[in-house]
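Participant: My structure file protein.pdb, PDB, C-alpha atoms, is below:
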```pdb
MODEL        1
ATOM      1  CA  MET O   1       0.000   0.000   0.000
ATOM      2  CA  GLU O   2       1.339   3.447  -0.946
ATOM      3  CA  GLU O   3       2.139   5.589   2.066
ATOM      4  CA  CYS O   4      -0.055   8.632   2.622
ATOM      5  CA  LYS O   5       1.527  11.877   1.414
ATOM      6  CA  GLY O   6       0.834  15.531   2.137
ATOM      7  CA  LEU O   7       1.772  18.786   0.449
ATOM      8  CA  VAL O   8       4.132  20.653   2.786
ATOM      9  CA  PHE O   9       5.324  24.162   1.927
ATOM     10  CA  ASP O  10       7.664  24.700   4.856
ATOM     11  CA  ILE O  11       9.201  23.031   7.908
ATOM     12  CA  GLN O  12      10.713  25.271  10.582
ATOM     13  CA  GLY O  13      12.863  23.915  13.370
ATOM     14  CA  PHE O  14      13.631  25.727  16.633
ATOM     15  CA  SER O  15      10.233  27.457  16.585
ATOM     16  CA  VAL O  16       9.555  29.128  19.937
ATOM     17  CA  HIS O  17       6.479  31.251  19.147
ATOM     18  CA  ASP O  18       4.018  28.604  17.947
ATOM     19  CA  GLY O  19       3.207  26.769  21.134
ATOM     20  CA  PRO O  20       4.881  25.645  24.366
ATOM     21  CA  GLY O  21       8.608  25.064  24.309
ATOM     22  CA  CYS O  22      10.840  24.626  21.272
ATOM     23  CA  ARG O  23       8.974  23.040  18.376
ATOM     24  CA  THR O  24       9.307  21.804  14.814
ATOM     25  CA  GLN O  25       6.568  23.530  12.827
ATOM     26  CA  VAL O  26       5.153  21.783   9.747
ATOM     27  CA  PHE O  27       3.212  23.983   7.296
ATOM     28  CA  LEU O  28       0.580  22.256   5.135
ATOM     29  CA  SER O  29      -0.833  23.732   1.908
ATOM     30  CA  GLY O  30      -4.503  24.561   1.391
ATOM     31  CA  CYS O  31      -6.904  26.857   3.213
ATOM     32  CA  PRO O  32     -10.666  27.560   2.982
ATOM     33  CA  LEU O  33      -9.989  31.191   3.961
ATOM     34  CA  HIS O  34      -8.335  33.771   1.742
ATOM     35  CA  CYS O  35      -7.397  36.488   4.226
ATOM     36  CA  GLU O  36      -6.331  39.664   2.470
ATOM     37  CA  TRP O  37      -3.459  40.211   4.935
ATOM     38  CA  CYS O  38      -2.182  36.601   4.863
ATOM     39  CA  ALA O  39       1.541  36.254   5.640
ATOM     40  CA  ASN O  40       1.720  32.806   4.016
ATOM     41  CA  PRO O  41      -0.127  33.219   0.690
ATOM     42  CA  GLU O  42       1.791  30.270  -0.776
ATOM     43  CA  GLY O  43      -0.231  28.112   1.612
ATOM     44  CA  MET O  44      -3.660  29.237   0.375
ATOM     45  CA  LYS O  45      -3.951  26.690  -2.433
ATOM     46  CA  ARG O  46      -3.572  22.958  -2.080
ATOM     47  CA  LYS O  47      -1.199  22.713  -5.006
ATOM     48  CA  GLN O  48       2.404  23.417  -5.872
ATOM     49  CA  GLN O  49       3.013  26.977  -7.023
ATOM     50  CA  LEU O  50       5.759  28.972  -8.691
ATOM     51  CA  LEU O  51       7.572  31.634  -6.694
ATOM     52  CA  PHE O  52       9.792  34.112  -8.541
ATOM     53  CA  SER O  53      12.163  36.522  -6.784
ATOM     54  CA  ARG O  54      13.390  39.386  -8.967
ATOM     55  CA  GLN O  55      16.124  40.151  -6.425
ATOM     56  CA  LYS O  56      17.720  36.736  -6.920
ATOM     57  CA  CYS O  57      17.349  36.664 -10.699
ATOM     58  CA  ARG O  58      20.626  36.861 -12.696
ATOM     59  CA  TYR O  59      19.050  37.614 -16.073
ATOM     60  CA  GLU O  60      20.875  40.951 -16.273
ATOM     61  CA  LYS O  61      23.922  40.503 -14.052
ATOM     62  CA  SER O  62      25.000  37.109 -15.370
ATOM     63  CA  HIS O  63      23.038  37.010 -18.644
ATOM     64  CA  CYS O  64      21.296  33.885 -17.395
ATOM     65  CA  ARG O  65      18.573  32.533 -19.729
ATOM     66  CA  ARG O  66      17.985  29.116 -18.158
ATOM     67  CA  CYS O  67      14.284  29.617 -17.378
ATOM     68  CA  LEU O  68      13.570  31.023 -20.845
ATOM     69  CA  THR O  69      15.178  28.015 -22.474
ATOM     70  CA  ALA O  70      13.612  25.472 -20.117
ATOM     71  CA  CYS O  71       9.978  26.630 -20.336
ATOM     72  CA  LYS O  72       8.340  25.072 -23.391
ATOM     73  CA  ARG O  73       4.912  26.518 -22.619
ATOM     74  CA  GLY O  74       5.716  30.162 -23.288
ATOM     75  CA  GLY O  75       5.235  31.111 -19.671
ATOM     76  CA  VAL O  76       8.494  33.075 -19.344
ATOM     77  CA  LYS O  77       8.897  36.165 -21.482
ATOM     78  CA  GLU O  78      11.424  38.950 -21.977
ATOM     79  CA  THR O  79      10.134  42.506 -21.700
ATOM     80  CA  ASN O  80      11.338  46.031 -22.365
ATOM     81  CA  HIS O  81      10.760  47.112 -18.788
ATOM     82  CA  PRO O  82      14.048  47.952 -17.006
ATOM     83  CA  GLU O  83      12.672  47.055 -13.563
ATOM     84  CA  SER O  84      11.232  43.705 -14.669
ATOM     85  CA  PRO O  85      13.051  42.404 -17.755
ATOM     86  CA  LEU O  86      11.494  38.961 -17.213
ATOM     87  CA  GLU O  87       7.807  38.252 -16.740
ATOM     88  CA  PHE O  88       5.981  35.056 -15.902
ATOM     89  CA  ASP O  89       2.575  34.513 -17.484
ATOM     90  CA  ARG O  90       0.661  33.312 -14.449
ATOM     91  CA  SER O  91      -2.193  31.973 -16.564
ATOM     92  CA  VAL O  92       0.360  29.535 -17.993
ATOM     93  CA  CYS O  93       2.108  28.876 -14.670
ATOM     94  CA  GLU O  94      -1.210  28.126 -12.953
ATOM     95  CA  ASN O  95      -1.709  25.041 -15.122
ATOM     96  CA  CYS O  96       1.915  23.898 -15.122
ATOM     97  CA  ASP O  97       2.815  20.698 -13.318
ATOM     98  CA  THR O  98       6.460  20.277 -14.395
ATOM     99  CA  PHE O  99       7.956  23.615 -13.287
ATOM    100  CA  ASP O 100      10.808  23.304 -15.770
ATOM    101  CA  CYS O 101      11.809  26.942 -15.186
ATOM    102  CA  ALA O 102      12.301  26.389 -11.445
ATOM    103  CA  ASN O 103      14.163  23.127 -11.969
ATOM    104  CA  ALA O 104      16.523  24.907 -14.377
ATOM    105  CA  CYS O 105      17.155  27.984 -12.198
ATOM    106  CA  ALA O 106      20.605  27.867 -10.593
ATOM    107  CA  TYR O 107      19.987  30.850  -8.319
ATOM    108  CA  GLU O 108      16.655  29.889  -6.708
ATOM    109  CA  ALA O 109      15.039  32.947  -8.254
ATOM    110  CA  ALA O 110      12.347  30.659  -9.631
ATOM    111  CA  ARG O 111      11.396  27.928  -7.187
ATOM    112  CA  ILE O 112       8.557  25.594  -6.344
ATOM    113  CA  SER O 113       6.484  26.188  -3.243
ATOM    114  CA  GLY O 114       5.306  22.910  -1.775
ATOM    115  CA  LYS O 115       6.742  19.412  -1.697
ATOM    116  CA  TYR O 116       4.872  16.132  -1.355
ATOM    117  CA  ARG O 117       6.153  14.296   1.698
ATOM    118  CA  SER O 118       5.192  10.959   3.156
ATOM    119  CA  VAL O 119       4.216  10.324   6.768
ATOM    120  CA  GLY O 120       7.515   8.491   7.178
ATOM    121  CA  GLU O 121       9.506  11.480   5.911
ATOM    122  CA  ILE O 122       7.825  13.829   8.375
ATOM    123  CA  MET O 123       8.395  11.421  11.250
ATOM    124  CA  ARG O 124      12.085  11.076  10.398
ATOM    125  CA  ILE O 125      12.442  14.866  10.565
ATOM    126  CA  LEU O 126      10.568  15.031  13.869
ATOM    127  CA  ARG O 127      12.663  12.238  15.382
ATOM    128  CA  ARG O 128      15.821  14.019  14.228
ATOM    129  CA  ASP O 129      14.684  17.278  15.858
ATOM    130  CA  ARG O 130      13.412  15.691  19.036
ATOM    131  CA  GLU O 131      16.731  15.987  20.875
ATOM    132  CA  TYR O 132      16.516  19.783  20.479
ATOM    133  CA  TRP O 133      13.038  20.142  21.990
ATOM    134  CA  ASP O 134      12.683  20.961  25.645
ATOM    135  CA  GLU O 135      10.248  19.145  27.929
ATOM    136  CA  LYS O 136       7.328  21.283  26.711
ATOM    137  CA  GLY O 137       8.213  21.146  23.012
ATOM    138  CA  GLY O 138       7.214  18.908  20.153
ATOM    139  CA  PRO O 139       5.804  18.963  16.632
ATOM    140  CA  GLY O 140       3.437  21.741  15.556
ATOM    141  CA  PHE O 141       1.189  21.950  12.519
ATOM    142  CA  SER O 142       0.140  25.075  10.677
ATOM    143  CA  GLY O 143      -0.625  26.296   7.168
ATOM    144  CA  GLY O 144      -2.633  27.280   5.312
ATOM    145  CA  GLU O 145      -5.170  25.284   7.235
ATOM    146  CA  PRO O 146      -3.556  21.961   8.213
ATOM    147  CA  MET O 147      -6.906  20.191   8.585
ATOM    148  CA  VAL O 148      -7.601  20.602   4.862
ATOM    149  CA  GLN O 149      -5.234  17.640   4.443
ATOM    150  CA  LYS O 150      -7.082  15.693   7.089
ATOM    151  CA  GLU O 151      -5.993  12.142   6.182
ATOM    152  CA  PHE O 152      -2.308  13.021   6.081
ATOM    153  CA  LEU O 153      -2.446  15.163   9.227
ATOM    154  CA  TYR O 154      -4.309  12.486  11.157
ATOM    155  CA  GLU O 155      -1.794   9.786  10.192
ATOM    156  CA  VAL O 156       1.146  11.961  11.246
ATOM    157  CA  LEU O 157      -0.532  12.858  14.538
ATOM    158  CA  LEU O 158      -1.236   9.205  15.306
ATOM    159  CA  LYS O 159       2.450   8.425  14.885
ATOM    160  CA  CYS O 160       3.378  11.421  17.044
ATOM    161  CA  LYS O 161       1.162  10.279  19.897
ATOM    162  CA  GLU O 162       2.387   6.692  19.592
ATOM    163  CA  GLU O 163       5.884   8.057  20.247
ATOM    164  CA  GLY O 164       4.794  10.265  23.142
ATOM    165  CA  MET O 165       5.224  13.619  21.410
ATOM    166  CA  ASN O 166       3.480  16.769  22.647
ATOM    167  CA  THR O 167       1.478  18.139  19.701
ATOM    168  CA  SER O 168       0.288  21.642  18.822
ATOM    169  CA  ILE O 169      -1.726  23.171  15.999
ATOM    170  CA  GLU O 170      -2.580  26.555  14.522
ATOM    171  CA  THR O 171      -5.994  26.227  12.910
ATOM    172  CA  THR O 172      -8.905  28.272  11.619
ATOM    173  CA  ALA O 173     -11.297  25.501  12.725
ATOM    174  CA  SER O 174     -12.986  25.993   9.351
ATOM    175  CA  VAL O 175     -13.572  22.322   8.500
ATOM    176  CA  ASP O 176     -16.443  19.935   9.138
ATOM    177  CA  THR O 177     -17.029  19.266  12.822
ATOM    178  CA  GLU O 178     -16.376  15.519  12.617
ATOM    179  CA  THR O 179     -12.920  16.102  11.120
ATOM    180  CA  PHE O 180     -12.180  18.919  13.545
ATOM    181  CA  LEU O 181     -13.006  16.948  16.693
ATOM    182  CA  LYS O 182     -11.254  13.798  15.453
ATOM    183  CA  ILE O 183      -8.000  15.649  14.835
ATOM    184  CA  MET O 184      -8.236  17.708  18.022
ATOM    185  CA  GLU O 185      -8.315  14.478  20.051
ATOM    186  CA  LEU O 186      -4.633  14.130  19.116
ATOM    187  CA  ILE O 187      -3.697  17.746  19.942
ATOM    188  CA  ASP O 188      -2.305  18.997  23.268
ATOM    189  CA  PHE O 189      -2.153  22.739  22.543
ATOM    190  CA  ALA O 190      -4.097  24.816  20.025
ATOM    191  CA  PHE O 191      -4.199  28.330  18.657
ATOM    192  CA  ILE O 192      -7.561  28.854  16.940
ATOM    193  CA  ASP O 193      -7.905  31.940  14.748
ATOM    194  CA  VAL O 194     -10.920  34.198  15.098
ATOM    195  CA  LYS O 195     -10.725  37.009  12.528
ATOM    196  CA  HIS O 196     -13.976  38.854  13.313
ATOM    197  CA  MET O 197     -17.060  38.133  15.398
ATOM    198  CA  ASP O 198     -19.455  39.528  12.790
ATOM    199  CA  SER O 199     -19.986  36.909  10.086
ATOM    200  CA  GLN O 200     -20.544  39.392   7.269
ATOM    201  CA  LYS O 201     -17.405  41.323   8.208
ATOM    202  CA  HIS O 202     -15.565  38.028   8.421
ATOM    203  CA  ARG O 203     -16.674  37.144   4.886
ATOM    204  CA  GLU O 204     -15.611  40.528   3.488
ATOM    205  CA  LYS O 205     -11.922  39.955   4.184
ATOM    206  CA  THR O 206     -11.592  36.164   4.293
ATOM    207  CA  GLY O 207     -14.102  34.953   1.714
ATOM    208  CA  ILE O 208     -16.234  32.932   4.147
ATOM    209  CA  GLY O 209     -18.459  33.522   7.169
ATOM    210  CA  ASN O 210     -17.487  32.546  10.714
ATOM    211  CA  GLU O 211     -20.427  30.300  11.647
ATOM    212  CA  ARG O 212     -18.552  27.026  11.249
ATOM    213  CA  ILE O 213     -15.493  28.369  13.086
ATOM    214  CA  LEU O 214     -17.461  29.501  16.116
ATOM    215  CA  SER O 215     -19.632  26.383  16.218
ATOM    216  CA  ASN O 216     -16.539  24.156  16.096
ATOM    217  CA  ILE O 217     -14.949  26.031  18.985
ATOM    218  CA  GLU O 218     -18.142  25.537  20.953
ATOM    219  CA  ALA O 219     -18.264  21.846  20.002
ATOM    220  CA  LEU O 220     -14.686  21.419  21.203
ATOM    221  CA  VAL O 221     -15.491  22.939  24.585
ATOM    222  CA  ARG O 222     -18.706  20.933  24.949
ATOM    223  CA  ASN O 223     -16.766  17.788  24.051
ATOM    224  CA  SER O 224     -14.596  18.249  27.163
ATOM    225  CA  TRP O 225     -11.352  18.429  25.200
ATOM    226  CA  LYS O 226      -8.374  18.030  27.529
ATOM    227  CA  GLY O 227      -5.883  20.295  25.748
ATOM    228  CA  ARG O 228      -5.129  23.985  26.163
ATOM    229  CA  LEU O 229      -6.861  26.446  23.851
ATOM    230  CA  VAL O 230      -5.780  30.016  23.125
ATOM    231  CA  LEU O 231      -7.844  32.042  20.664
ATOM    232  CA  ARG O 232      -5.868  34.174  18.214
ATOM    233  CA  MET O 233      -6.842  37.336  16.398
ATOM    234  CA  PRO O 234      -4.739  39.415  13.995
ATOM    235  CA  VAL O 235      -5.476  43.079  14.690
ATOM    236  CA  ILE O 236      -6.240  44.767  11.363
ATOM    237  CA  GLU O 237      -6.718  48.548  11.142
ATOM    238  CA  GLY O 238     -10.259  49.579  10.269
ATOM    239  CA  TYR O 239     -11.487  46.002  10.364
ATOM    240  CA  ASN O 240     -11.429  44.279  13.751
ATOM    241  CA  ASP O 241      -9.498  46.729  15.932
ATOM    242  CA  THR O 242     -12.592  48.145  17.648
ATOM    243  CA  LEU O 243     -13.731  47.736  21.235
ATOM    244  CA  GLU O 244     -17.092  46.656  19.836
ATOM    245  CA  ASN O 245     -15.524  43.591  18.227
ATOM    246  CA  ALA O 246     -13.497  42.933  21.371
ATOM    247  CA  GLU O 247     -16.680  43.091  23.451
ATOM    248  CA  ALA O 248     -18.372  40.540  21.180
ATOM    249  CA  THR O 249     -15.307  38.285  21.413
ATOM    250  CA  ILE O 250     -15.296  38.512  25.192
ATOM    251  CA  ALA O 251     -19.002  37.647  25.361
ATOM    252  CA  PHE O 252     -18.377  34.559  23.195
ATOM    253  CA  MET O 253     -15.417  33.483  25.302
ATOM    254  CA  LYS O 254     -17.178  33.935  28.613
ATOM    255  CA  ARG O 255     -20.198  31.980  27.405
ATOM    256  CA  LEU O 256     -17.902  29.018  26.722
ATOM    257  CA  GLY O 257     -15.639  29.463  29.738
ATOM    258  CA  LEU O 258     -12.616  30.458  27.636
ATOM    259  CA  PHE O 259     -10.134  32.872  29.176
ATOM    260  CA  GLU O 260      -7.068  33.244  26.901
ATOM    261  CA  ILE O 261      -6.565  35.220  23.708
ATOM    262  CA  ASN O 262      -3.485  36.189  21.702
ATOM    263  CA  LEU O 263      -3.671  39.457  19.757
ATOM    264  CA  LEU O 264      -1.265  39.689  16.823
ATOM    265  CA  PRO O 265      -0.280  43.133  15.520
ATOM    266  CA  PHE O 266      -0.486  43.403  11.739
ATOM    267  CA  HIS O 267       2.803  43.314   9.814
ATOM    268  CA  ARG O 268       3.779  43.310   6.156
ATOM    269  CA  LEU O 269       6.279  40.462   6.311
ATOM    270  CA  GLY O 270       4.315  38.497   3.718
ATOM    271  CA  THR O 271       4.521  41.227   1.062
ATOM    272  CA  SER O 272       7.413  39.660  -0.849
ATOM    273  CA  LYS O 273       5.624  36.320  -1.033
ATOM    274  CA  TRP O 274       2.582  37.912  -2.669
ATOM    275  CA  GLU O 275       4.912  39.545  -5.191
ATOM    276  CA  GLN O 276       6.753  36.267  -5.837
ATOM    277  CA  LEU O 277       3.418  34.607  -6.581
ATOM    278  CA  GLY O 278       2.582  37.374  -9.065
ATOM    279  CA  MET O 279      -0.249  38.594  -6.824
ATOM    280  CA  GLU O 280      -1.102  42.095  -5.650
ATOM    281  CA  TYR O 281      -1.000  42.421  -1.866
ATOM    282  CA  PRO O 282      -4.108  44.346  -0.708
ATOM    283  CA  TYR O 283      -2.370  45.492   2.482
ATOM    284  CA  ALA O 284       0.916  46.613   0.936
ATOM    285  CA  GLU O 285       0.373  50.232   2.018
ATOM    286  CA  TYR O 286      -0.893  49.511   5.519
ATOM    287  CA  SER O 287       1.323  50.319   8.493
ATOM    288  CA  PRO O 288       2.029  47.900  11.347
ATOM    289  CA  THR O 289      -0.519  48.110  14.157
ATOM    290  CA  GLU O 290       0.345  50.925  16.544
ATOM    291  CA  ASP O 291       1.380  50.031  20.089
ATOM    292  CA  GLU O 292      -1.341  52.281  21.496
ATOM    293  CA  VAL O 293      -4.026  50.249  19.715
ATOM    294  CA  MET O 294      -2.652  46.968  21.027
ATOM    295  CA  GLU O 295      -2.379  48.333  24.565
ATOM    296  CA  ARG O 296      -5.939  49.674  24.477
ATOM    297  CA  LEU O 297      -7.321  46.321  23.352
ATOM    298  CA  GLN O 298      -5.197  44.375  25.811
ATOM    299  CA  ASP O 299      -6.355  46.548  28.712
ATOM    300  CA  PHE O 300      -9.966  46.051  27.624
ATOM    301  CA  TYR O 301      -9.627  42.252  27.701
ATOM    302  CA  LEU O 302      -7.767  42.333  31.004
ATOM    303  CA  ASP O 303     -10.450  44.539  32.532
ATOM    304  CA  HIS O 304     -12.927  41.773  31.635
ATOM    305  CA  ARG O 305     -10.684  39.150  33.257
ATOM    306  CA  ILE O 306      -9.545  37.613  29.975
ATOM    307  CA  ALA O 307      -5.829  36.756  29.813
ATOM    308  CA  CYS O 308      -4.636  38.703  26.780
ATOM    309  CA  TYR O 309      -1.209  38.148  25.238
ATOM    310  CA  VAL O 310       0.147  40.541  22.612
ATOM    311  CA  GLY O 311       2.380  39.310  19.796
ATOM    312  CA  ASP O 312       4.875  36.629  20.818
ATOM    313  CA  ASP O 313       4.415  37.364  24.508
ATOM    314  CA  VAL O 314       2.280  34.280  25.221
ATOM    315  CA  LEU O 315       2.519  32.751  28.677
ATOM    316  CA  TYR O 316       3.424  29.109  28.279
TER     317      TYR O 316
ENDMDL
END
```
Turn this file's structure into structure tokens for me.
Facilitator:
Amino acid sequence: MEECKGLVFDIQGFSVHDGPGCRTQVFLSGCPLHCEWCANPEGMKRKQQLLFSRQKCRYEKSHCRRCLTACKRGGVKETNHPESPLEFDRSVCENCDTFDCANACAYEAARISGKYRSVGEIMRILRRDREYWDEKGGPGFSGGEPMVQKEFLYEVLLKCKEEGMNTSIETTASVDTETFLKIMELIDFAFIDVKHMDSQKHREKTGIGNERILSNIEALVRNSWKGRLVLRMPVIEGYNDTLENAEATIAFMKRLGLFEINLLPFHRLGTSKWEQLGMEYPYAEYSPTEDEVMERLQDFYLDHRIACYVGDDVLY
């Protein structure tokens, strides 16, 4: 029988901001949300994608023409623009499954995002890294939305628990409830994203409403899950940075007996990835969230007896 494989777009060792202790974070491709501020846009689609970095390209400096020669589909073209002498036709790249340009590039200017890995491969990496974890650490899973690849994720988690590993996940909880609860049974620590408490507002910036997300969080609590749950919310200017949204979040948390939330200030660290995918970043001109805004929101949560962590300052 062929071993189950998953599409993984990144693996980060020595991760200390994605759950308790030092962790190895595995990023799985595919997500039902399309957040306009996403820092990992290469993880939105459950497919391999082409990334192209103009900064690394040696078309001008070294007269390199490898990608032009390799692509037989006409997806790479020379232009007369001094700032972008090479262009990739994304309508061609979208349907490409050989990525000849990336395989030919000697400078990693053109590269493939996403690699199919077996359960065994992931476990070998985790076993290798295990000696570097502390007593609280272990494997973590993120994305994208890791539960989109439910069969692969479940098989990896089963192996992790068989070997006594402490598991964590960053999830949107935007999958069917049966899948969500089944996977969460194998999770010790979870960050669950809540983008906005108003479903219509949620849909405006992510493409979907929040009904399933909120109902899954409630189902998890009602199911007497034994792990630790911290809600997470990116603070986006003019979208969810109001006290009104915070008040609605607090009411939801108190109704379920939840008491921890992690507020993440907006940053533009994902800008280059959007550009490398040939996509326009909607938040390219937005400034990082001001400290005063984060402090005001944090104080509001604390005043309502909700433990509120800002940025990486999560109490583990």
Participant: Apply the PyMOL selection byres ((chain O and resi 17) around 10) to the file shown and report the selected residues as an NGL selection string.
Facilitator: :O and (14-16 or 18-23 or 25 or 311-314 or 316)
Participant: Care to translate the PyMOL selection byres ((chain O and resi 49-55) around 9) into actual residues of this file, as an NGL selection string?
Facilitator: :O and (42 or 45 or 47-48 or 56-58 or 83-84 or 86 or 88 or 90 or 93-94 or 96-97 or 99 or 102 or 108-114 or 272-278)
Participant: Determine, counting only C-alpha atoms, which protein, DNA and RNA residues have an atom within 9 Å of an atom of Arg268 in chain O; residues of the same chain fewer than 6 positions away are not included. Present the result as a PyMOL selection string.
Facilitator: chain O and resi 37+39+283-288
Participant: To test your reading of the syntax: which residues would the PyMOL selection byres ((chain O and resi 205) around 9) return for the file shown? Reply as number ranges by chain.
Facilitator: O: 33-37, 195, 201-204, 206-208, 239
Participant: So how far away is CA of Ile169 in chain O from CA of Asp303 in chain O, in Å?
Facilitator: 28.4 Å
Participant: Extract, using all atoms listed in the file, all DNA, RNA and protein residues at most 10 Å from range 214-219 of chain O, discarding same-chain residues fewer than 2 positions from it, and format them as a ChimeraX atom specification.
Facilitator: /O:172-178,180-181,192-194,197,199,209-212,221-225,229,231,252-253,255-258
Participant: By how many Å are CA of Gly270 in chain O and CA of Phe300 in chain O apart?
Facilitator: 28.9 Å
Participant: Report, in Å to a single decimal, how far apart CA of Asp188 in chain O and CA of Asp299 in chain O are.
Facilitator: 28.4 Å
Participant: Take every atom of range 27-32 of chain O listed in the file, pad by 5 Å on each side, and give me the axis-aligned box centre and edge lengths in Å, one decimal, as JSON.
Facilitator:
```
{"center_x": -3.7, "center_y": 24.9, "center_z": 4.3, "size_x": 23.9, "size_y": 15.3, "size_z": 15.9}
```
Participant: Point out the residue among O:Phe191, O:Asn40, O:Phe27, O:Ser142 with the least atom-to-atom distance to Thr271 in chain O, counting all atoms listed in the file.
Facilitator: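 Answer, going by the shortest atom-to-atom distance: O:Asn40.
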Participant: Choose the residue, out of O:Ile306, O:Val148, O:Ala70, O:Ala106, that has the smallest atom-to-atom separation from Pro32 in chain O; count all atoms listed in the file.
Facilitator: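 Result for the nearest residue to Pro32 in chain O: O:Val148.
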Participant: Neighbours of Glu78 in chain O within 10 Å (only C-alpha atoms; same-chain residues fewer than 2 positions away dropped), as JSON, numbers by chain?
Facilitator: {"O": [59, 65, 68, 76, 80, 81, 84, 85, 86, 87, 88]}
Participant: Using all atoms listed in the file, determine which residues lie at most 7 Å from Tyr309 in chain O, disregarding the query and same-chain residues fewer than 6 positions distant; provide the list as a tab-separated table (two decimals) with C-alpha atoms, in the frame of the given file.
Facilitator:
```tsv
chain	number	residue	atom	x	y	z
O	261	ILE	CA	-6.56	35.22	23.71
O	262	ASN	CA	-3.48	36.19	21.70
O	263	LEU	CA	-3.67	39.46	19.76
```
Participant: With distances taken over all atoms listed in the file, which residue among O:Cys64, O:Ile187, O:Leu297, O:Met165 lies nearest Glu135 in chain O?
Facilitator: O:Met165
